[in-house]
file coords23.cif (mmCIF, C-alpha atoms; chains and numbers go by the auth columns)
data_run
loop_
_atom_site.group_PDB
_atom_site.id
_atom_site.type_symbol
_atom_site.label_atom_id
_atom_site.label_comp_id
_atom_site.label_asym_id
_atom_site.label_seq_id
_atom_site.Cartn_x
_atom_site.Cartn_y
_atom_site.Cartn_z
_atom_site.B_iso_or_equiv
_atom_site.auth_seq_id
_atom_site.auth_asym_id
ATOM 1 C CA MET A 1 9.676 -33.603 34.336 0.00 1 A
ATOM 2 C CA ASN A 2 9.108 -34.993 30.883 0.00 2 A
ATOM 3 C CA LYS A 3 10.422 -33.287 27.756 0.00 3 A
ATOM 4 C CA TRP A 4 6.999 -32.273 26.401 0.00 4 A
ATOM 5 C CA THR A 5 6.129 -30.544 29.652 0.00 5 A
ATOM 6 C CA ARG A 6 9.487 -28.778 29.793 0.00 6 A
ATOM 7 C CA GLY A 7 9.167 -27.606 26.191 0.00 7 A
ATOM 8 C CA GLY A 8 5.661 -26.323 26.914 0.00 8 A
ATOM 9 C CA LEU A 9 6.847 -24.454 29.997 0.00 9 A
ATOM 10 C CA ILE A 10 9.640 -22.834 27.998 0.00 10 A
ATOM 11 C CA ALA A 11 7.130 -21.756 25.332 0.00 11 A
ATOM 12 C CA ALA A 12 4.800 -20.360 27.989 0.00 12 A
ATOM 13 C CA ALA A 13 7.652 -18.545 29.747 0.00 13 A
ATOM 14 C CA TYR A 14 8.721 -17.002 26.437 0.00 14 A
ATOM 15 C CA VAL A 15 5.216 -15.667 25.750 0.00 15 A
ATOM 16 C CA VAL A 16 4.788 -14.351 29.288 0.00 16 A
ATOM 17 C CA LEU A 17 8.160 -12.585 29.220 0.00 17 A
ATOM 18 C CA VAL A 18 7.386 -10.985 25.851 0.00 18 A
ATOM 19 C CA PHE A 19 4.154 -9.518 27.158 0.00 19 A
ATOM 20 C CA VAL A 20 5.296 -8.573 30.650 0.00 20 A
ATOM 21 C CA PHE A 21 8.040 -6.588 28.907 0.00 21 A
ATOM 22 C CA GLN A 22 5.960 -5.740 25.827 0.00 22 A
ATOM 23 C CA PHE A 23 7.233 -2.149 25.777 0.00 23 A
ATOM 24 C CA ALA A 24 10.697 -3.515 24.917 0.00 24 A
ATOM 25 C CA SER A 25 9.726 -6.634 22.943 0.00 25 A
ATOM 26 C CA PHE A 26 8.610 -5.165 19.608 0.00 26 A
ATOM 27 C CA GLY A 27 9.754 -2.421 17.309 0.00 27 A
ATOM 28 C CA PRO A 28 12.952 -1.109 15.769 0.00 28 A
ATOM 29 C CA ILE A 29 14.666 -0.806 19.149 0.00 29 A
ATOM 30 C CA GLN A 30 14.068 -3.841 21.320 0.00 30 A
ATOM 31 C CA PHE A 31 15.377 -5.681 24.306 0.00 31 A
ATOM 32 C CA ARG A 32 13.206 -8.799 24.172 0.00 32 A
ATOM 33 C CA ILE A 33 13.836 -10.249 27.630 0.00 33 A
ATOM 34 C CA ALA A 34 12.395 -13.607 26.501 0.00 34 A
ATOM 35 C CA GLU A 35 15.454 -14.013 24.284 0.00 35 A
ATOM 36 C CA ALA A 36 17.434 -14.871 27.427 0.00 36 A
ATOM 37 C CA LEU A 37 15.787 -18.297 27.058 0.00 37 A
ATOM 38 C CA THR A 38 17.439 -18.861 23.672 0.00 38 A
ATOM 39 C CA LEU A 39 20.485 -20.453 25.288 0.00 39 A
ATOM 40 C CA LEU A 40 18.414 -23.236 26.903 0.00 40 A
ATOM 41 C CA PRO A 41 18.840 -25.638 23.938 0.00 41 A
ATOM 42 C CA MET A 42 22.394 -26.170 25.193 0.00 42 A
ATOM 43 C CA VAL A 43 20.922 -27.940 28.223 0.00 43 A
ATOM 44 C CA TYR A 44 17.506 -29.085 27.010 0.00 44 A
ATOM 45 C CA PRO A 45 17.021 -30.084 23.347 0.00 45 A
ATOM 46 C CA GLU A 46 13.255 -29.709 23.791 0.00 46 A
ATOM 47 C CA ALA A 47 13.859 -25.991 24.285 0.00 47 A
ATOM 48 C CA ILE A 48 14.226 -25.761 20.486 0.00 48 A
ATOM 49 C CA GLY A 49 10.512 -26.439 20.041 0.00 49 A
ATOM 50 C CA GLY A 50 9.609 -24.429 23.129 0.00 50 A
ATOM 51 C CA ILE A 51 11.365 -21.337 21.855 0.00 51 A
ATOM 52 C CA TYR A 52 9.850 -21.740 18.396 0.00 52 A
ATOM 53 C CA ILE A 53 6.292 -22.146 19.720 0.00 53 A
ATOM 54 C CA GLY A 54 6.815 -19.343 22.235 0.00 54 A
ATOM 55 C CA ALA A 55 8.098 -16.975 19.547 0.00 55 A
ATOM 56 C CA LEU A 56 5.300 -17.997 17.179 0.00 56 A
ATOM 57 C CA LEU A 57 2.575 -17.330 19.767 0.00 57 A
ATOM 58 C CA ALA A 58 4.188 -14.084 20.938 0.00 58 A
ATOM 59 C CA ASN A 59 4.534 -12.872 17.352 0.00 59 A
ATOM 60 C CA ILE A 60 0.934 -13.803 16.510 0.00 60 A
ATOM 61 C CA LEU A 61 -0.284 -11.830 19.512 0.00 61 A
ATOM 62 C CA GLY A 62 2.242 -9.031 18.983 0.00 62 A
ATOM 63 C CA GLY A 63 0.540 -7.496 15.971 0.00 63 A
ATOM 64 C CA GLN A 64 3.576 -6.851 13.750 0.00 64 A
ATOM 65 C CA GLY A 65 2.090 -8.920 10.947 0.00 65 A
ATOM 66 C CA PRO A 66 2.901 -11.996 8.883 0.00 66 A
ATOM 67 C CA TRP A 67 6.614 -11.250 8.504 0.00 67 A
ATOM 68 C CA ASP A 68 7.115 -11.288 12.249 0.00 68 A
ATOM 69 C CA ILE A 69 4.852 -14.297 12.714 0.00 69 A
ATOM 70 C CA PHE A 70 6.433 -16.516 10.092 0.00 70 A
ATOM 71 C CA ALA A 71 9.938 -15.154 9.496 0.00 71 A
ATOM 72 C CA GLY A 72 10.595 -14.114 13.098 0.00 72 A
ATOM 73 C CA SER A 73 9.498 -17.487 14.444 0.00 73 A
ATOM 74 C CA LEU A 74 11.510 -19.374 11.823 0.00 74 A
ATOM 75 C CA ILE A 75 14.592 -17.316 12.704 0.00 75 A
ATOM 76 C CA SER A 76 14.084 -18.290 16.363 0.00 76 A
ATOM 77 C CA LEU A 77 13.787 -21.955 15.379 0.00 77 A
ATOM 78 C CA VAL A 78 16.998 -21.885 13.324 0.00 78 A
ATOM 79 C CA ALA A 79 18.888 -19.992 16.045 0.00 79 A
ATOM 80 C CA ALA A 80 17.697 -22.474 18.698 0.00 80 A
ATOM 81 C CA TYR A 81 18.824 -25.425 16.572 0.00 81 A
ATOM 82 C CA ILE A 82 22.249 -23.866 15.971 0.00 82 A
ATOM 83 C CA THR A 83 22.563 -23.151 19.694 0.00 83 A
ATOM 84 C CA PHE A 84 21.791 -26.818 20.396 0.00 84 A
ATOM 85 C CA ARG A 85 24.079 -28.131 17.649 0.00 85 A
ATOM 86 C CA TYR A 86 27.101 -26.026 18.636 0.00 86 A
ATOM 87 C CA LYS A 87 26.500 -25.953 22.397 0.00 87 A
ATOM 88 C CA TYR A 88 29.054 -24.167 24.554 0.00 88 A
ATOM 89 C CA THR A 89 30.936 -22.682 21.602 0.00 89 A
ATOM 90 C CA TRP A 90 30.943 -19.071 20.499 0.00 90 A
ATOM 91 C CA VAL A 91 28.659 -20.101 17.615 0.00 91 A
ATOM 92 C CA ALA A 92 25.919 -21.167 20.049 0.00 92 A
ATOM 93 C CA TYR A 93 26.004 -17.840 21.869 0.00 93 A
ATOM 94 C CA ALA A 94 26.228 -15.817 18.658 0.00 94 A
ATOM 95 C CA ALA A 95 23.417 -17.564 16.742 0.00 95 A
ATOM 96 C CA PRO A 96 20.421 -15.815 18.354 0.00 96 A
ATOM 97 C CA ILE A 97 22.235 -12.480 18.250 0.00 97 A
ATOM 98 C CA VAL A 98 23.484 -12.577 14.661 0.00 98 A
ATOM 99 C CA LEU A 99 20.437 -14.217 13.072 0.00 99 A
ATOM 100 C CA ASN A 100 18.046 -11.761 14.686 0.00 100 A
ATOM 101 C CA ALA A 101 20.301 -8.805 13.911 0.00 101 A
ATOM 102 C CA VAL A 102 20.604 -9.684 10.226 0.00 102 A
ATOM 103 C CA PHE A 103 17.222 -11.198 9.383 0.00 103 A
ATOM 104 C CA VAL A 104 14.714 -9.645 11.793 0.00 104 A
ATOM 105 C CA SER A 105 16.241 -6.289 10.920 0.00 105 A
ATOM 106 C CA ALA A 106 15.553 -6.945 7.245 0.00 106 A
ATOM 107 C CA TYR A 107 11.785 -7.005 7.626 0.00 107 A
ATOM 108 C CA LEU A 108 11.594 -4.497 10.487 0.00 108 A
ATOM 109 C CA TYR A 109 13.515 -2.061 8.289 0.00 109 A
ATOM 110 C CA PHE A 110 10.599 -2.082 5.845 0.00 110 A
ATOM 111 C CA ILE A 111 7.787 -2.277 8.407 0.00 111 A
ATOM 112 C CA PHE A 112 9.014 0.742 10.378 0.00 112 A
ATOM 113 C CA GLU A 113 10.579 2.563 7.410 0.00 113 A
ATOM 114 C CA PHE A 114 13.759 2.920 9.429 0.00 114 A
ATOM 115 C CA PRO A 115 16.328 5.285 7.886 0.00 115 A
ATOM 116 C CA SER A 116 19.074 2.677 7.469 0.00 116 A
ATOM 117 C CA TYR A 117 19.236 -1.106 7.351 0.00 117 A
ATOM 118 C CA LEU A 118 22.706 -1.016 8.939 0.00 118 A
ATOM 119 C CA LEU A 119 21.392 1.062 11.853 0.00 119 A
ATOM 120 C CA MET A 120 18.550 -1.440 12.245 0.00 120 A
ATOM 121 C CA VAL A 121 21.043 -4.336 12.325 0.00 121 A
ATOM 122 C CA LEU A 122 23.086 -2.536 14.965 0.00 122 A
ATOM 123 C CA SER A 123 19.987 -1.720 17.008 0.00 123 A
ATOM 124 C CA ILE A 124 18.537 -5.230 16.987 0.00 124 A
ATOM 125 C CA GLY A 125 21.992 -6.790 17.397 0.00 125 A
ATOM 126 C CA PHE A 126 22.798 -4.597 20.394 0.00 126 A
ATOM 127 C CA GLY A 127 19.490 -5.409 22.095 0.00 127 A
ATOM 128 C CA GLN A 128 19.962 -9.117 21.438 0.00 128 A
ATOM 129 C CA ALA A 129 23.540 -9.076 22.720 0.00 129 A
ATOM 130 C CA VAL A 130 22.536 -7.314 25.937 0.00 130 A
ATOM 131 C CA VAL A 131 19.737 -9.802 26.628 0.00 131 A
ATOM 132 C CA VAL A 132 21.417 -13.025 25.436 0.00 132 A
ATOM 133 C CA LEU A 133 24.818 -12.349 26.976 0.00 133 A
ATOM 134 C CA GLY A 134 23.796 -10.196 29.932 0.00 134 A
ATOM 135 C CA LEU A 135 20.750 -12.191 31.066 0.00 135 A
ATOM 136 C CA GLY A 136 20.939 -15.453 29.127 0.00 136 A
ATOM 137 C CA ILE A 137 24.393 -16.547 30.271 0.00 137 A
ATOM 138 C CA PRO A 138 23.704 -16.060 34.003 0.00 138 A
ATOM 139 C CA PHE A 139 20.315 -17.755 33.561 0.00 139 A
ATOM 140 C CA LEU A 140 21.943 -20.679 31.732 0.00 140 A
ATOM 141 C CA ARG A 141 24.475 -21.069 34.560 0.00 141 A
ATOM 142 C CA PHE A 142 21.663 -21.028 37.120 0.00 142 A
ATOM 143 C CA VAL A 143 19.695 -23.678 35.207 0.00 143 A
ATOM 144 C CA LYS A 144 22.754 -25.925 34.814 0.00 144 A
ATOM 145 C CA GLN A 145 23.557 -25.696 38.506 0.00 145 A
ATOM 146 C CA ASN A 146 19.972 -26.383 39.558 0.00 146 A
ATOM 147 C CA GLN A 147 18.603 -28.608 36.829 0.00 147 A
ATOM 148 C CA ASP A 148 17.819 -31.370 39.291 0.00 148 A
ATOM 149 C CA ARG A 149 15.487 -28.968 41.141 0.00 149 A
ATOM 150 C CA PHE A 150 14.039 -26.910 38.275 0.00 150 A
ATOM 151 C CA LEU A 151 12.832 -27.551 34.768 0.00 151 A
#

call {"tool": "encode", "arguments": {"input": "coords23.cif", "output": "structure tokens"}}
result
Amino acid sequence: MNKWTRGGLIAAAYVVLVFVFQFASFGPIQFRIAEALTLLPMVYPEAIGGIYIGALLANILGGQGPWDIFAGSLISLVAAYITFRYKYTWVAYAAPIVLNAVFVSAYLYFIFEFPSYLLMVLSIGFGQAVVVLGLGIPFLRFVKQNQDRFL
């Protein structure tokens, strides 16, 4: 499979996962299942663009407004690049968790008028950690073991 196709499939999978699990993908408390894909740049560099485009499309369709569309997608792009750059180190695994916890929380805090920025950071960070570490790591292992058959 060529890189453009793989990147497009990753973007499409991200969007589909966001909307299949829409009830948990937006808001001050979220477990965005699509974020399990954020570890794929360790195996496929084209996943950087796929995650960015997937997040951009999901955030456009998600209705949270310009902050989520532009800032949220940019945060996903930066996290994906860091994951690629520092593959298989703690930095790669932490990037999508920490960046979303700190920066997505900043604008969601204002959008939802949440009582505390720190609570928002903990909420988003916890959701990200559960998805990235609990689903993303096993998925990454599966992809690495089967990359000749899939993606």

call {"tool": "residues_around", "arguments": {"input": "coords23.cif", "residues": "segment 36-52 of chain A", "least_positions_apart": "6", "cutoff": "8 Å", "atoms": "all atoms listed in the file", "output": "short mmCIF file (atom, residue, chain, number, x, y, z; two decimals) with C-alpha atoms, in the coordinates of the input"}}
result
data_model
loop_
_atom_site.label_atom_id
_atom_site.label_comp_id
_atom_site.auth_asym_id
_atom_site.auth_seq_id
_atom_site.Cartn_x
_atom_site.Cartn_y
_atom_site.Cartn_z
CA LYS A 3 10.42 -33.29 27.76
CA TRP A 4 7.00 -32.27 26.40
CA ARG A 6 9.49 -28.78 29.79
CA GLY A 7 9.17 -27.61 26.19
CA GLY A 8 5.66 -26.32 26.91
CA LEU A 9 6.85 -24.45 30.00
CA ILE A 10 9.64 -22.83 28.00
CA ALA A 11 7.13 -21.76 25.33
CA ALA A 12 4.80 -20.36 27.99
CA TYR A 14 8.72 -17.00 26.44
CA SER A 73 9.50 -17.49 14.44
CA LEU A 74 11.51 -19.37 11.82
CA SER A 76 14.08 -18.29 16.36
CA LEU A 77 13.79 -21.96 15.38
CA ALA A 79 18.89 -19.99 16.05
CA ALA A 80 17.70 -22.47 18.70
CA TYR A 81 18.82 -25.42 16.57
CA THR A 83 22.56 -23.15 19.69
CA PHE A 84 21.79 -26.82 20.40
CA ARG A 85 24.08 -28.13 17.65
CA LYS A 87 26.50 -25.95 22.40
CA TYR A 88 29.05 -24.17 24.55
CA ALA A 92 25.92 -21.17 20.05
CA TYR A 93 26.00 -17.84 21.87
CA PRO A 96 20.42 -15.82 18.35
CA VAL A 131 19.74 -9.80 26.63
CA VAL A 132 21.42 -13.02 25.44
CA LEU A 133 24.82 -12.35 26.98
CA LEU A 135 20.75 -12.19 31.07
CA GLY A 136 20.94 -15.45 29.13
CA ILE A 137 24.39 -16.55 30.27
CA PHE A 139 20.32 -17.76 33.56
CA LEU A 140 21.94 -20.68 31.73
CA LYS A 144 22.75 -25.92 34.81
#

call {"tool": "axis_aligned_box", "arguments": {"input": "coords23.cif", "around": "segment 98-105 of chain A", "padding_each_side": "4 Å", "output": "lines of an AutoDock Vina configuration file"}}
result
center_x = 19.1
center_y = -10.3
center_z = 12.0
size_x = 16.8
size_y = 15.9
size_z = 13.3

call {"tool": "atom_distance", "arguments": {"input": "coords23.cif", "atom1": "atom CA of Val20 of chain A", "atom2": "atom CA of Asp148 of chain A"}}
result
27.4 Å

call {"tool": "closest_residue", "arguments": {"input": "coords23.cif", "among": "A:Gln147, A:Thr89, A:Gln128, A:Gln64", "to": "Phe112 of chain A", "atoms": "all atoms listed in the file"}}
result
A:Gln64

call {"tool": "closest_residue", "arguments": {"input": "coords23.cif", "among": "A:Pro28, A:Ile33, A:Arg149, A:Val18", "to": "Ser116 of chain A", "atoms": "all atoms listed in the file"}}
result
A:Pro28

call {"tool": "atom_distance", "arguments": {"input": "coords23.cif", "atom1": "atom CA of Val130 of chain A", "atom2": "atom CA of Ala24 of chain A"}}
result
12.5 Å

call {"tool": "closest_residue", "arguments": {"input": "coords23.cif", "among": "A:Val78, A:Leu119, A:Val15, A:Gly127", "to": "Ile60 of chain A", "atoms": "all atoms listed in the file"}}
result
A:Val15

call {"tool": "atom_distance", "arguments": {"input": "coords23.cif", "atom1": "atom CA of Leu56 of chain A", "atom2": "atom CA of Phe21 of chain A"}}
result
16.6 Å

call {"tool": "resolve_selection", "arguments": {"input": "coords23.cif", "expression": "the PyMOL selection byres ((chain A and resi 29) around 7)", "output": "JSON, numbers by chain"}}
result
{"A": [27, 28, 30, 123, 124]}

call {"tool": "closest_residue", "arguments": {"input": "coords23.cif", "among": "A:Ile82, A:Ile111, A:Ala34, A:Ala95", "to": "Gly65 of chain A", "atoms": "all atoms listed in the file"}}
result
A:Ile111

call {"tool": "residues_around", "arguments": {"input": "coords23.cif", "residues": "Phe103 of chain A", "least_positions_apart": "4", "cutoff": "9 Å", "atoms": "only C-alpha atoms", "output": "count of residues only"}}
result
8

call {"tool": "closest_residue", "arguments": {"input": "coords23.cif", "among": "A:Asp68, A:Ala13, A:Leu57, A:Asn146", "to": "Phe110 of chain A", "atoms": "all atoms listed in the file"}}
result
A:Asp68

call {"tool": "build_atoms", "arguments": {"input": "coords23.cif", "residues": "segment 41-69 of chain A", "atoms": "N, CA and C atoms", "output": "PDB file, keeping the file's coordinate frame"}}
result
ATOM      1  N   PRO A  41      18.589 -24.413  24.709  1.00  0.00           N
ATOM      2  CA  PRO A  41      18.840 -25.638  23.938  1.00  0.00           C
ATOM      3  C   PRO A  41      20.195 -26.290  24.227  1.00  0.00           C
ATOM      4  N   MET A  42      21.122 -25.560  24.815  1.00  0.00           N
ATOM      5  CA  MET A  42      22.394 -26.170  25.193  1.00  0.00           C
ATOM      6  C   MET A  42      22.197 -27.215  26.284  1.00  0.00           C
ATOM      7  N   VAL A  43      21.185 -27.033  27.111  1.00  0.00           N
ATOM      8  CA  VAL A  43      20.922 -27.940  28.223  1.00  0.00           C
ATOM      9  C   VAL A  43      19.749 -28.870  27.915  1.00  0.00           C
ATOM     10  N   TYR A  44      18.731 -28.330  27.292  1.00  0.00           N
ATOM     11  CA  TYR A  44      17.506 -29.085  27.010  1.00  0.00           C
ATOM     12  C   TYR A  44      17.181 -29.014  25.518  1.00  0.00           C
ATOM     13  N   PRO A  45      17.347 -30.104  24.780  1.00  0.00           N
ATOM     14  CA  PRO A  45      17.021 -30.084  23.347  1.00  0.00           C
ATOM     15  C   PRO A  45      15.569 -29.704  23.077  1.00  0.00           C
ATOM     16  N   GLU A  46      14.671 -30.044  23.989  1.00  0.00           N
ATOM     17  CA  GLU A  46      13.255 -29.709  23.791  1.00  0.00           C
ATOM     18  C   GLU A  46      13.004 -28.202  23.851  1.00  0.00           C
ATOM     19  N   ALA A  47      13.982 -27.443  24.290  1.00  0.00           N
ATOM     20  CA  ALA A  47      13.859 -25.991  24.285  1.00  0.00           C
ATOM     21  C   ALA A  47      13.791 -25.447  22.862  1.00  0.00           C
ATOM     22  N   ILE A  48      14.301 -26.198  21.886  1.00  0.00           N
ATOM     23  CA  ILE A  48      14.226 -25.761  20.486  1.00  0.00           C
ATOM     24  C   ILE A  48      12.763 -25.543  20.112  1.00  0.00           C
ATOM     25  N   GLY A  49      11.937 -26.555  20.342  1.00  0.00           N
ATOM     26  CA  GLY A  49      10.512 -26.439  20.041  1.00  0.00           C
ATOM     27  C   GLY A  49       9.822 -25.431  20.936  1.00  0.00           C
ATOM     28  N   GLY A  50      10.211 -25.375  22.205  1.00  0.00           N
ATOM     29  CA  GLY A  50       9.609 -24.429  23.129  1.00  0.00           C
ATOM     30  C   GLY A  50       9.846 -22.986  22.717  1.00  0.00           C
ATOM     31  N   ILE A  51      11.052 -22.697  22.298  1.00  0.00           N
ATOM     32  CA  ILE A  51      11.365 -21.337  21.855  1.00  0.00           C
ATOM     33  C   ILE A  51      10.618 -21.014  20.564  1.00  0.00           C
ATOM     34  N   TYR A  52      10.570 -21.965  19.656  1.00  0.00           N
ATOM     35  CA  TYR A  52       9.850 -21.740  18.396  1.00  0.00           C
ATOM     36  C   TYR A  52       8.365 -21.467  18.652  1.00  0.00           C
ATOM     37  N   ILE A  53       7.725 -22.317  19.437  1.00  0.00           N
ATOM     38  CA  ILE A  53       6.292 -22.146  19.720  1.00  0.00           C
ATOM     39  C   ILE A  53       6.063 -20.856  20.509  1.00  0.00           C
ATOM     40  N   GLY A  54       6.934 -20.582  21.470  1.00  0.00           N
ATOM     41  CA  GLY A  54       6.815 -19.343  22.235  1.00  0.00           C
ATOM     42  C   GLY A  54       6.936 -18.113  21.354  1.00  0.00           C
ATOM     43  N   ALA A  55       7.913 -18.106  20.465  1.00  0.00           N
ATOM     44  CA  ALA A  55       8.098 -16.975  19.547  1.00  0.00           C
ATOM     45  C   ALA A  55       6.910 -16.868  18.589  1.00  0.00           C
ATOM     46  N   LEU A  56       6.442 -18.003  18.092  1.00  0.00           N
ATOM     47  CA  LEU A  56       5.300 -17.997  17.179  1.00  0.00           C
ATOM     48  C   LEU A  56       4.073 -17.386  17.858  1.00  0.00           C
ATOM     49  N   LEU A  57       3.739 -17.854  19.056  1.00  0.00           N
ATOM     50  CA  LEU A  57       2.575 -17.330  19.767  1.00  0.00           C
ATOM     51  C   LEU A  57       2.754 -15.850  20.116  1.00  0.00           C
ATOM     52  N   ALA A  58       3.931 -15.492  20.595  1.00  0.00           N
ATOM     53  CA  ALA A  58       4.188 -14.084  20.938  1.00  0.00           C
ATOM     54  C   ALA A  58       4.075 -13.198  19.705  1.00  0.00           C
ATOM     55  N   ASN A  59       4.581 -13.674  18.576  1.00  0.00           N
ATOM     56  CA  ASN A  59       4.534 -12.872  17.352  1.00  0.00           C
ATOM     57  C   ASN A  59       3.129 -12.808  16.758  1.00  0.00           C
ATOM     58  N   ILE A  60       2.337 -13.854  16.938  1.00  0.00           N
ATOM     59  CA  ILE A  60       0.934 -13.803  16.510  1.00  0.00           C
ATOM     60  C   ILE A  60       0.195 -12.743  17.325  1.00  0.00           C
ATOM     61  N   LEU A  61       0.404 -12.759  18.621  1.00  0.00           N
ATOM     62  CA  LEU A  61      -0.284 -11.830  19.512  1.00  0.00           C
ATOM     63  C   LEU A  61       0.310 -10.426  19.473  1.00  0.00           C
ATOM     64  N   GLY A  62       1.536 -10.308  18.964  1.00  0.00           N
ATOM     65  CA  GLY A  62       2.242  -9.031  18.983  1.00  0.00           C
ATOM     66  C   GLY A  62       1.778  -8.010  17.969  1.00  0.00           C
ATOM     67  N   GLY A  63       1.121  -8.432  16.919  1.00  0.00           N
ATOM     68  CA  GLY A  63       0.540  -7.496  15.971  1.00  0.00           C
ATOM     69  C   GLY A  63       1.468  -6.872  14.953  1.00  0.00           C
ATOM     70  N   GLN A  64       2.666  -7.415  14.751  1.00  0.00           N
ATOM     71  CA  GLN A  64       3.576  -6.851  13.750  1.00  0.00           C
ATOM     72  C   GLN A  64       3.331  -7.424  12.353  1.00  0.00           C
ATOM     73  N   GLY A  65       2.456  -8.398  12.251  1.00  0.00           N
ATOM     74  CA  GLY A  65       2.090  -8.920  10.947  1.00  0.00           C
ATOM     75  C   GLY A  65       2.753 -10.228  10.572  1.00  0.00           C
ATOM     76  N   PRO A  66       2.444 -10.675   9.339  1.00  0.00           N
ATOM     77  CA  PRO A  66       2.901 -11.996   8.883  1.00  0.00           C
ATOM     78  C   PRO A  66       4.414 -12.172   8.851  1.00  0.00           C
ATOM     79  N   TRP A  67       5.159 -11.106   8.541  1.00  0.00           N
ATOM     80  CA  TRP A  67       6.614 -11.250   8.504  1.00  0.00           C
ATOM     81  C   TRP A  67       7.148 -11.644   9.863  1.00  0.00           C
ATOM     82  N   ASP A  68       6.650 -10.984  10.898  1.00  0.00           N
ATOM     83  CA  ASP A  68       7.115 -11.288  12.249  1.00  0.00           C
ATOM     84  C   ASP A  68       6.639 -12.664  12.682  1.00  0.00           C
ATOM     85  N   ILE A  69       5.407 -12.997  12.327  1.00  0.00           N
ATOM     86  CA  ILE A  69       4.852 -14.297  12.714  1.00  0.00           C
ATOM     87  C   ILE A  69       5.654 -15.432  12.086  1.00  0.00           C
TER      88      ILE A  69
END
